[in-house]
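Encoded as structure tokens, the structure appears first; notes follow it.
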Amino acid sequence: MMGAARKAAVRLKRDYGEVEQLQVSRKGPAVFVITAAPPTEKILHAELSRARPNFGFLMEESGEEIGADPTRRWIVDPLDGTTNFLHGLPQFAISIALEENGTIIAGVIYAPITEEMFWAERGGGAHLDNRRLRVSARTDLSQSIFATGIPYMGRGDHPEFTRQLNAVMEVSAGIRRFGAAALDLAYVAAGRFDGFWESGLHAWDIAAGILLVREAGGFVSEIEGGTDMLGSGSVLAANDHLHRPLGDILLGAAA
Ligand code: IPD
């Protein structure tokens, strides 16, 4: 998984360099980005298929592919943080998860620009390169910073999100919107963010990140408290002290 991510990242990085150039060109980067993700996904598909020919796929660009072994599949986002990429912002990542009988058993999130490799194996802990990760130990909301995803034109419930934002900013040390949900979750696992919430995500944005947070000792649920994050796209991740209080604040704001 790491090898596939590193290989695909070479292509993504090259395209990113070109996007930065294209910012000043007349054509602009919008057309270009459409062509950046599919080739990256192709490389990931080829590498992962070579390693495990029988596994299926769920991929952002090409959808679902049932493998000869229907119990295992790769859940792949070749470019999480597409809008950042398009604007020449370096916060983007490749996310790969391995699902077995509906359970995520391994996950890799690789940020090509910082070259940070976040990885986790079920029962084996979460890591950043060779270092073991642990979620933050903060217990006090007033000292905590939270990441989120802000809905945009045509997406999400804007009034509800505004209420959530108001409620969390009243009690916390700050809110961040970095624009790549996979990395937001990896940063919770690394203790950089004390928590993260967002609705309307896809399985490929969050599958690897959920495992990372859990393996780093954190809690992940839907904002509403259930556990079908991959199905609903609703995610609330934090350490065990903050998960409940943050969830209560978000639910109180939604009501
Ligand atoms: C997006 C990013 C972003 C989140 C969006 C996602 P994509 O993923 O994760 O942070 O706010 O909802 O769609 O489209 O760049 O893979």
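For the structure tokens, the naming scheme is as follows: chains receive sequential letters (A, B, ...) according to their order of presentation, residues are indexed from 1 within each chain, and ligands are indexed from 1 in presentation order.
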What do you get as a list in words if you pick all residues at most 8 Å from ligand 1, counting only C-alpha atoms and all ligand atoms?
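Counting only what the definition allows, namely only C-alpha atoms and all ligand atoms, the set is Glu60, Asp77, Pro78, Leu79, Asp80, Gly81, Thr82, Thr83, Asn84, Phe92, Thr148, Gly149, Ile150, Pro151, Arg177, Phe178, Gly179, Ala180, Ala181, Ala182, Asp184, Glu198, Ser199, Gly200, Leu201, His202, Trp204 and Asp205 of chain A.
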Test item: residues at most 10 Å from Leu185 (chain A), only C-alpha atoms, excluding those fewer than 5 positions along its chain, as number ranges by chain:
A: 109, 147-148, 180, 190-193, 195-197, 205-213, 220, 235-238
Find the residues of region 16-120 of chain A that sit at most 9 Å from region 1-10 of chain A; for each, write down the nearest two atoms and how far apart they are in Å, to one decimal. Count only C-alpha atoms. Sort by chain, then by number going up, and give it as a Markdown table.
```
| residue | atom | partner | partner_atom | distance |
| --- | --- | --- | --- | --- |
| A:Pro39 | CA | A:Ala8 | CA | 8.5 |
| A:Thr40 | CA | A:Ala8 | CA | 5.3 |
| A:Glu41 | CA | A:Ala8 | CA | 7.6 |
| A:Lys42 | CA | A:Ala8 | CA | 8.5 |
| A:Ile43 | CA | A:Ala8 | CA | 5.7 |
| A:Leu44 | CA | A:Ala4 | CA | 5.5 |
| A:His45 | CA | A:Ala4 | CA | 8.5 |
| A:Ala46 | CA | A:Ala4 | CA | 8.5 |
| A:Glu47 | CA | A:Ala4 | CA | 5.4 |
| A:Leu48 | CA | A:Ala4 | CA | 6.6 |
| A:Ala51 | CA | A:Met1 | CA | 8.8 |
| A:Pro78 | CA | A:Ala8 | CA | 8.1 |
| A:Ala93 | CA | A:Ala9 | CA | 8.6 |
| A:Ile94 | CA | A:Ala5 | CA | 6.5 |
| A:Ser95 | CA | A:Ala5 | CA | 8.0 |
| A:Ile96 | CA | A:Met1 | CA | 7.1 |
| A:Ala97 | CA | A:Met1 | CA | 8.5 |
| A:Leu98 | CA | A:Met1 | CA | 8.9 |
| A:Ala106 | CA | A:Met1 | CA | 8.9 |
| A:Gly107 | CA | A:Met1 | CA | 8.1 |
| A:Val108 | CA | A:Met2 | CA | 6.6 |
| A:Ile109 | CA | A:Ala5 | CA | 8.1 |
| A:Tyr110 | CA | A:Ala5 | CA | 6.5 |
| A:Ala111 | CA | A:Ala9 | CA | 8.1 |
| A:Pro112 | CA | A:Ala9 | CA | 5.5 |
| A:Ile113 | CA | A:Ala9 | CA | 8.8 |
| A:Glu115 | CA | A:Arg6 | CA | 8.8 |
| A:Met117 | CA | A:Met2 | CA | 7.7 |
| A:Trp119 | CA | A:Met2 | CA | 8.2 |
```
Have a look at A:Arg72, A:Arg214, A:Phe85, A:Asp129 and name the one nearest to Glu20 (chain A); count only C-alpha atoms.
A:Phe85
Using only C-alpha atoms: which of A:Asp248, A:Tyr152, A:His241, A:Tyr187 has the shortest distance to Gly225 (chain A):
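Once distances to Gly225 (chain A) are computed over only C-alpha atoms, the minimum belongs to A:Asp248.
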As a VMD selection string, please: all residues of region 56-253 of chain A that backbone DSSP puts in alpha helix (DSSP H).
chain A and resid 82 to 86 158 to 171 181 to 189 203 to 215 229 to 232 243 to 253
Grab the residues selected above and save them as a PDB file, in the first residue's frame with C-alpha atoms.
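out_39.pdb, written as the output of this step:
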```pdb
ATOM      1  CA  THR A  82      -8.899  18.270  -4.983  1.00  0.00           C
ATOM      2  CA  THR A  83      -9.844  21.908  -4.517  1.00  0.00           C
ATOM      3  CA  ASN A  84      -6.563  22.636  -2.710  1.00  0.00           C
ATOM      4  CA  PHE A  85      -4.638  20.901  -5.492  1.00  0.00           C
ATOM      5  CA  LEU A  86      -6.479  22.968  -8.055  1.00  0.00           C
ATOM      6  CA  HIS A 158     -25.497  25.740   5.514  1.00  0.00           C
ATOM      7  CA  PRO A 159     -27.673  27.080   8.386  1.00  0.00           C
ATOM      8  CA  GLU A 160     -27.054  23.944  10.459  1.00  0.00           C
ATOM      9  CA  PHE A 161     -23.308  24.114   9.853  1.00  0.00           C
ATOM     10  CA  THR A 162     -23.255  27.792  10.833  1.00  0.00           C
ATOM     11  CA  ARG A 163     -24.938  26.911  14.117  1.00  0.00           C
ATOM     12  CA  GLN A 164     -22.388  24.146  14.736  1.00  0.00           C
ATOM     13  CA  LEU A 165     -19.540  26.522  13.985  1.00  0.00           C
ATOM     14  CA  ASN A 166     -20.924  29.134  16.390  1.00  0.00           C
ATOM     15  CA  ALA A 167     -21.343  26.578  19.144  1.00  0.00           C
ATOM     16  CA  VAL A 168     -17.829  25.113  18.776  1.00  0.00           C
ATOM     17  CA  MET A 169     -16.060  28.476  18.441  1.00  0.00           C
ATOM     18  CA  GLU A 170     -17.725  29.668  21.658  1.00  0.00           C
ATOM     19  CA  VAL A 171     -16.005  26.936  23.693  1.00  0.00           C
ATOM     20  CA  ALA A 181     -10.652  15.122   5.180  1.00  0.00           C
ATOM     21  CA  ALA A 182      -8.193  12.214   5.010  1.00  0.00           C
ATOM     22  CA  LEU A 183      -5.415  14.454   6.343  1.00  0.00           C
ATOM     23  CA  ASP A 184      -7.743  15.994   8.948  1.00  0.00           C
ATOM     24  CA  LEU A 185      -8.258  12.489  10.357  1.00  0.00           C
ATOM     25  CA  ALA A 186      -4.539  11.666  10.111  1.00  0.00           C
ATOM     26  CA  TYR A 187      -3.816  14.868  12.063  1.00  0.00           C
ATOM     27  CA  VAL A 188      -6.293  13.829  14.774  1.00  0.00           C
ATOM     28  CA  ALA A 189      -4.434  10.510  14.985  1.00  0.00           C
ATOM     29  CA  ALA A 203     -16.118   6.291   2.063  1.00  0.00           C
ATOM     30  CA  TRP A 204     -12.860   6.945   0.157  1.00  0.00           C
ATOM     31  CA  ASP A 205     -12.292  10.252   2.013  1.00  0.00           C
ATOM     32  CA  ILE A 206     -12.447   8.651   5.457  1.00  0.00           C
ATOM     33  CA  ALA A 207     -11.902   4.862   5.418  1.00  0.00           C
ATOM     34  CA  ALA A 208      -8.143   4.953   6.073  1.00  0.00           C
ATOM     35  CA  GLY A 209      -8.405   7.923   8.451  1.00  0.00           C
ATOM     36  CA  ILE A 210     -10.987   6.248  10.678  1.00  0.00           C
ATOM     37  CA  LEU A 211      -8.622   3.322  11.271  1.00  0.00           C
ATOM     38  CA  LEU A 212      -5.721   5.698  11.937  1.00  0.00           C
ATOM     39  CA  VAL A 213      -7.657   7.572  14.644  1.00  0.00           C
ATOM     40  CA  ARG A 214      -8.869   4.377  16.295  1.00  0.00           C
ATOM     41  CA  GLU A 215      -5.425   2.801  16.247  1.00  0.00           C
ATOM     42  CA  MET A 229     -19.606   6.480   8.863  1.00  0.00           C
ATOM     43  CA  LEU A 230     -18.724   4.940   5.502  1.00  0.00           C
ATOM     44  CA  GLY A 231     -22.404   4.704   4.580  1.00  0.00           C
ATOM     45  CA  SER A 232     -23.605   8.084   5.866  1.00  0.00           C
ATOM     46  CA  HIS A 243     -15.518  12.933  21.690  1.00  0.00           C
ATOM     47  CA  ARG A 244     -18.691  13.038  23.795  1.00  0.00           C
ATOM     48  CA  PRO A 245     -18.642  16.763  24.683  1.00  0.00           C
ATOM     49  CA  LEU A 246     -17.956  17.735  21.069  1.00  0.00           C
ATOM     50  CA  GLY A 247     -20.734  15.435  19.870  1.00  0.00           C
ATOM     51  CA  ASP A 248     -23.187  16.917  22.401  1.00  0.00           C
ATOM     52  CA  ILE A 249     -22.343  20.451  21.261  1.00  0.00           C
ATOM     53  CA  LEU A 250     -22.806  19.554  17.588  1.00  0.00           C
ATOM     54  CA  LEU A 251     -26.102  17.776  18.209  1.00  0.00           C
ATOM     55  CA  GLY A 252     -27.345  20.611  20.399  1.00  0.00           C
ATOM     56  CA  ALA A 253     -26.545  23.052  17.598  1.00  0.00           C
TER      57      ALA A 253
END
```
Residue among A:Asp194, A:Gly226, A:Gly17, A:Arg122 lying closest to Asp240 (chain A), counting only C-alpha atoms:
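Among the listed residues, the smallest separation from Asp240 (chain A) belongs to A:Asp194.
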